[in-house]
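File shown: entry21.tsv (TSV, C-alpha atoms).
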```
chain	number	residue	atom	x	y	z
A	1	MET	CA	19.70	-59.51	47.77
A	2	PHE	CA	16.19	-58.14	47.14
A	3	ALA	CA	15.25	-58.69	50.80
A	4	TYR	CA	18.39	-56.81	51.84
A	5	ALA	CA	17.60	-53.96	49.44
A	6	ALA	CA	14.03	-53.75	50.71
A	7	ALA	CA	15.10	-53.74	54.36
A	8	GLU	CA	17.94	-51.24	53.96
A	9	GLY	CA	16.38	-49.02	51.29
A	10	VAL	CA	19.21	-49.69	48.83
A	11	THR	CA	18.72	-48.88	45.16
A	12	LEU	CA	20.16	-51.74	43.13
A	13	ARG	CA	22.16	-51.28	39.95
A	14	LEU	CA	21.79	-54.13	37.44
A	15	ASP	CA	23.87	-54.80	34.35
A	16	ALA	CA	25.35	-57.67	32.35
A	17	THR	CA	28.90	-58.16	31.14
A	18	GLU	CA	30.27	-60.32	28.37
A	19	ILE	CA	33.50	-62.29	28.61
A	20	ARG	CA	35.08	-63.62	25.43
A	21	VAL	CA	35.60	-67.38	25.30
A	22	ARG	CA	37.15	-69.79	22.84
A	23	ARG	CA	35.16	-71.02	19.87
A	24	PRO	CA	33.78	-74.53	20.20
A	25	ARG	CA	35.28	-77.25	18.06
A	26	VAL	CA	33.88	-77.59	14.58
A	27	GLY	CA	30.73	-79.69	14.49
A	28	ARG	CA	29.80	-79.30	18.16
A	29	PRO	CA	26.10	-78.55	18.61
A	30	GLY	CA	25.00	-75.25	20.13
A	31	GLY	CA	28.04	-73.26	19.07
A	32	LYS	CA	25.98	-70.42	17.61
A	33	ALA	CA	24.29	-69.79	20.96
A	34	PHE	CA	27.50	-68.25	22.26
A	35	VAL	CA	27.98	-65.75	19.42
A	36	SER	CA	27.05	-62.35	20.79
A	37	GLY	CA	25.14	-59.98	18.56
A	38	LYS	CA	26.91	-57.04	20.16
A	39	VAL	CA	30.58	-57.99	19.89
A	40	LYS	CA	30.18	-60.61	17.12
A	41	GLN	CA	32.35	-63.09	19.02
A	42	ASN	CA	31.87	-66.11	21.26
A	43	THR	CA	30.99	-64.83	24.73
A	44	ILE	CA	29.36	-65.78	27.98
A	45	LYS	CA	27.22	-63.16	29.75
A	46	THR	CA	26.95	-62.69	33.48
A	47	THR	CA	24.47	-60.51	35.35
A	48	VAL	CA	25.97	-58.29	38.06
A	49	VAL	CA	24.11	-56.37	40.76
A	50	ALA	CA	25.83	-53.63	42.76
A	51	ASP	CA	24.85	-51.07	45.37
A	52	GLU	CA	25.45	-47.31	45.30
A	53	TYR	CA	29.05	-47.76	46.46
A	54	GLY	CA	30.04	-50.16	43.67
A	55	SER	CA	30.10	-53.22	45.91
A	56	THR	CA	29.19	-56.42	44.09
A	57	LEU	CA	26.07	-57.76	45.79
A	58	TRP	CA	25.34	-60.56	43.36
A	59	CYS	CA	27.08	-62.05	40.37
A	60	GLY	CA	24.32	-64.04	38.78
A	61	ARG	CA	23.70	-66.77	36.34
A	62	HIS	CA	25.98	-67.29	33.42
A	63	ARG	CA	24.44	-67.68	29.99
A	64	PRO	CA	25.42	-67.78	26.34
A	65	GLY	CA	26.25	-64.40	24.84
A	66	ARG	CA	23.36	-64.53	22.38
A	67	MET	CA	20.64	-64.17	25.07
A	68	HIS	CA	19.20	-60.67	25.46
A	69	ASP	CA	19.52	-58.93	28.84
A	70	THR	CA	15.77	-58.60	29.44
A	71	THR	CA	15.18	-62.27	28.58
A	72	ALA	CA	17.94	-63.27	30.97
A	73	ALA	CA	16.44	-61.17	33.77
A	74	ARG	CA	13.14	-62.97	33.32
A	75	VAL	CA	14.76	-66.42	33.14
A	76	GLU	CA	16.90	-65.72	36.21
A	77	GLY	CA	13.80	-64.79	38.24
A	78	ILE	CA	14.61	-61.10	38.65
A	79	ASP	CA	11.24	-60.24	37.12
A	80	ALA	CA	9.47	-62.34	39.77
A	81	LEU	CA	11.57	-60.79	42.56
A	82	LEU	CA	10.54	-57.32	41.40
A	83	ASP	CA	6.91	-58.42	41.75
A	84	ALA	CA	7.61	-59.84	45.22
A	85	TYR	CA	9.46	-56.71	46.44
A	86	PRO	CA	7.61	-53.69	44.97
A	87	GLN	CA	9.51	-51.25	47.22
A	88	VAL	CA	12.92	-52.14	45.69
A	89	LYS	CA	14.20	-49.69	43.09
A	90	VAL	CA	16.54	-50.85	40.30
A	91	LEU	CA	18.61	-48.81	37.85
A	92	VAL	CA	19.36	-50.51	34.52
A	93	ASP	CA	20.83	-49.71	31.11
A	94	ALA	CA	19.07	-49.58	27.74
A	95	GLY	CA	19.25	-53.38	27.37
A	96	TYR	CA	16.55	-53.71	30.03
A	97	GLN	CA	13.91	-51.39	28.48
A	98	GLY	CA	11.37	-54.25	28.52
A	99	LEU	CA	11.89	-54.80	32.23
A	100	ALA	CA	11.44	-51.08	32.87
A	101	LYS	CA	8.23	-51.12	30.83
A	102	ASP	CA	6.88	-54.07	32.87
A	103	HIS	CA	7.74	-52.42	36.22
A	104	PRO	CA	7.23	-48.66	35.84
A	105	GLY	CA	8.38	-46.59	38.80
A	106	GLN	CA	10.40	-49.51	40.12
A	107	VAL	CA	12.89	-50.12	37.32
A	108	THR	CA	14.50	-47.05	35.76
A	109	ALA	CA	16.05	-47.29	32.29
A	110	PRO	CA	17.49	-44.45	30.21
A	111	PRO	CA	14.91	-42.51	28.21
A	112	LEU	CA	14.22	-43.75	24.70
A	113	LYS	CA	15.96	-41.98	21.84
A	114	LEU	CA	14.10	-39.06	20.37
A	115	ARG	CA	12.77	-39.14	16.85
A	116	PRO	CA	14.51	-36.97	14.29
A	117	GLY	CA	13.17	-33.42	14.23
A	118	ALA	CA	12.38	-33.21	17.96
A	119	PRO	CA	12.31	-29.65	19.30
A	120	PRO	CA	15.67	-28.38	20.63
A	121	ALA	CA	14.27	-27.90	24.15
A	122	ARG	CA	13.16	-31.54	24.20
A	123	GLN	CA	16.61	-32.65	22.98
A	124	VAL	CA	18.31	-30.74	25.80
A	125	GLN	CA	15.93	-32.28	28.35
A	126	TRP	CA	16.50	-35.78	26.92
A	127	GLU	CA	20.28	-35.35	27.12
A	128	ALA	CA	20.07	-34.17	30.74
A	129	ASP	CA	17.81	-37.09	31.73
A	130	ARG	CA	20.08	-39.60	30.01
A	131	LYS	CA	23.18	-38.18	31.68
A	132	ARG	CA	21.54	-38.16	35.14
A	133	GLN	CA	20.47	-41.79	34.82
A	134	SER	CA	23.90	-42.79	33.49
A	135	SER	CA	25.64	-41.07	36.41
A	136	LEU	CA	23.51	-43.01	38.90
A	137	ARG	CA	24.42	-46.30	37.19
A	138	ILE	CA	28.20	-45.79	37.31
A	139	PRO	CA	28.71	-47.97	40.44
A	140	VAL	CA	27.66	-51.16	38.61
A	141	GLU	CA	30.07	-50.35	35.79
A	142	HIS	CA	32.82	-49.99	38.40
A	143	ALA	CA	31.83	-53.35	39.93
A	144	ILE	CA	32.06	-54.99	36.50
A	145	ALA	CA	35.41	-53.31	35.84
A	146	GLU	CA	36.74	-54.61	39.14
A	147	LEU	CA	35.78	-58.14	38.10
A	148	LYS	CA	37.55	-57.72	34.79
A	149	TRP	CA	40.74	-56.42	36.40
A	150	TRP	CA	41.48	-60.07	37.03
A	151	ARG	CA	43.48	-61.41	34.13
A	152	GLN	CA	41.42	-64.59	33.85
A	153	LEU	CA	38.26	-62.63	33.08
A	154	GLN	CA	39.67	-60.29	30.45
A	155	ARG	CA	39.59	-63.11	27.91
A	156	PHE	CA	38.98	-66.62	29.15
A	157	THR	CA	41.15	-69.13	27.29
A	158	GLY	CA	40.30	-72.17	29.39
A	159	ARG	CA	37.45	-74.60	28.92
A	160	ARG	CA	34.14	-72.82	28.52
A	161	GLU	CA	32.47	-75.09	31.09
A	162	LEU	CA	34.85	-73.80	33.80
A	163	LEU	CA	34.17	-70.08	33.28
A	164	PRO	CA	31.10	-69.86	35.56
A	165	GLU	CA	33.08	-71.27	38.50
A	166	THR	CA	35.93	-68.85	37.78
A	167	ILE	CA	33.57	-65.86	37.64
A	168	ASP	CA	31.92	-66.88	40.92
A	169	ALA	CA	35.31	-67.30	42.62
A	170	VAL	CA	36.56	-63.91	41.45
A	171	ALA	CA	33.24	-62.25	42.39
A	172	GLY	CA	33.52	-63.76	45.87
A	173	LEU	CA	37.05	-62.41	46.29
A	174	VAL	CA	36.10	-58.96	44.97
A	175	SER	CA	32.96	-58.81	47.12
A	176	ASP	CA	34.89	-59.90	50.22
A	177	ARG	CA	37.56	-57.31	49.58
A	178	MET	CA	34.94	-54.57	49.21
A	179	ILE	CA	33.35	-55.48	52.54
A	180	THR	CA	36.61	-55.50	54.49
A	181	TRP	CA	37.68	-51.98	53.44
```
As structure tokens, the full file:
Amino acid sequence: MFAYAAAEGVTLRLDATEIRVRRPRVGRPGGKAFVSGKVKQNTIKTTVVADEYGSTLWCGRHRPGRMHDTTAARVEGIDALLDAYPQVKVLVDAGYQGLAKDHPGQVTAPPLKLRPGAPPARQVQWEADRKRQSSLRIPVEHAIAELKWWRQLQRFTGRRELLPETIDAVAGLVSDRMITW
């Protein structure tokens, strides 16, 4: 995917999505790893990469909901790929601020919140910058939404171990459908 983006000059859009899963049985080890800090429920996170048209280019590793987005990007090797392909540009959300700090000019995250009492002109500029970056990231949100249109991924009630295979199958179908249009 990074080689394709470098060759074609595509700006990648990177984001993660959480899918609710059933709680583990009482007494099973590692149950707390799946409790997301954001939604306060048992989830599994998946990293999704899309292009400017909203086509799913990669539906990445699946991890417990407790893992932070930046940590997951480093564990999945995205950090190393950014070092290997310095010409690739990536747009991310606020969950990847650490990745944007490590790769300035290559990874673009929304601007940090202003401190209270910032001048009004600075607040207007911050709002415009945030909105511009958000508008450029919309295609990855559409790619995630298209994955979640599938009933199985709205709330997975099957065995937690089978969810990664289900996500990969749905992502393959969605990606194939996007290419054939």
How close does stretch 47-125 of chain A get to stretch 9-29 of chain A? List, as CSV, each residue of stretch 47-125 of chain A within 6 Å, its nearest atom pair and the distance in Å to one decimal, counting all atoms listed in the file.
```
residue,atom,partner,partner_atom,distance
A:Thr47,CA,A:Ala16,CA,4.2
A:Val48,CA,A:Asp15,CA,5.5
A:Val49,CA,A:Leu14,CA,4.6
A:Ala50,CA,A:Arg13,CA,5.2
A:Asp51,CA,A:Leu12,CA,5.2
A:Lys89,CA,A:Thr11,CA,5.0
A:Val90,CA,A:Leu12,CA,4.7
A:Leu91,CA,A:Arg13,CA,4.8
A:Val92,CA,A:Leu14,CA,5.2
```
Please produce a file of the residues just selected, as a PDB file, in the coordinates of the input, where the atoms kept are C-alpha atoms.
```pdb
ATOM      1  CA  THR A  47      24.470 -60.510  35.350  1.00  0.00           C
ATOM      2  CA  VAL A  48      25.970 -58.290  38.060  1.00  0.00           C
ATOM      3  CA  VAL A  49      24.110 -56.370  40.760  1.00  0.00           C
ATOM      4  CA  ALA A  50      25.830 -53.630  42.760  1.00  0.00           C
ATOM      5  CA  ASP A  51      24.850 -51.070  45.370  1.00  0.00           C
ATOM      6  CA  LYS A  89      14.200 -49.690  43.090  1.00  0.00           C
ATOM      7  CA  VAL A  90      16.540 -50.850  40.300  1.00  0.00           C
ATOM      8  CA  LEU A  91      18.610 -48.810  37.850  1.00  0.00           C
ATOM      9  CA  VAL A  92      19.360 -50.510  34.520  1.00  0.00           C
TER      10      VAL A  92
END
```
task = Step by step: start from the point (14.6, -58.3, 35.8) in the file's coordinates, keep every protein, DNA or RNA residue that has an atom no farther than 9 Å from it, count only C-alpha atoms, and write the set as a list in words.
result = Leu14, Asp69, Thr70, Thr71, Ala72, Ala73, Arg74, Val75, Glu76, Gly77, Ile78, Asp79, Ala80, Leu81, Leu82, Val90, Tyr96, Gly98, Leu99, Ala100 and Val107 of chain A
Counting all atoms listed in the file, the option among A:Leu112, A:Glu8, A:Ile144, A:Arg160 closest to A:Thr46 =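 Nearest to A:Thr46: A:Ile144.
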Long-range neighbours of A:Glu146 as a list in words, 10 Å cut-off, only C-alpha atoms, 4 positions minimum in chain = Gly54, Ser55, Thr56, Val140, Glu141, His142, Trp150, Val170, Ala171, Val174 and Ser175 of chain A
key: Two-atom distance - atom CA of A:Gln154, atom CA of A:Lys32 (Å)   =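 It comes out at 21.3 Å.
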Using all atoms of stretch 168-174 of chain A listed in the file and a margin of 8 Å per side, can you give the axis-aligned box centre and edge lengths in Å to one decimal, as lines of an AutoDock Vina configuration file?
```
center_x = 34.5
center_y = -63.1
center_z = 43.6
size_x = 21.1
size_y = 24.3
size_z = 21.4
```
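Atom pair atom CA of A:Gln133 / atom CA of A:Gly105: separated by 13.6 Å.
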ask   = Which polymer residues have any atom within 8 Å of an atom of A:Asp168, counting only C-alpha atoms, with same-chain residues fewer than 4 positions away left out, as an NGL selection string?
value = :A and (59 or 164 or 172)
query = Looking at A:Pro111, A:Tyr53, A:Gly37, A:Ile44, which one is nearest to A:Ile138, with distances taken over all atoms listed in the file?
reply = A:Tyr53
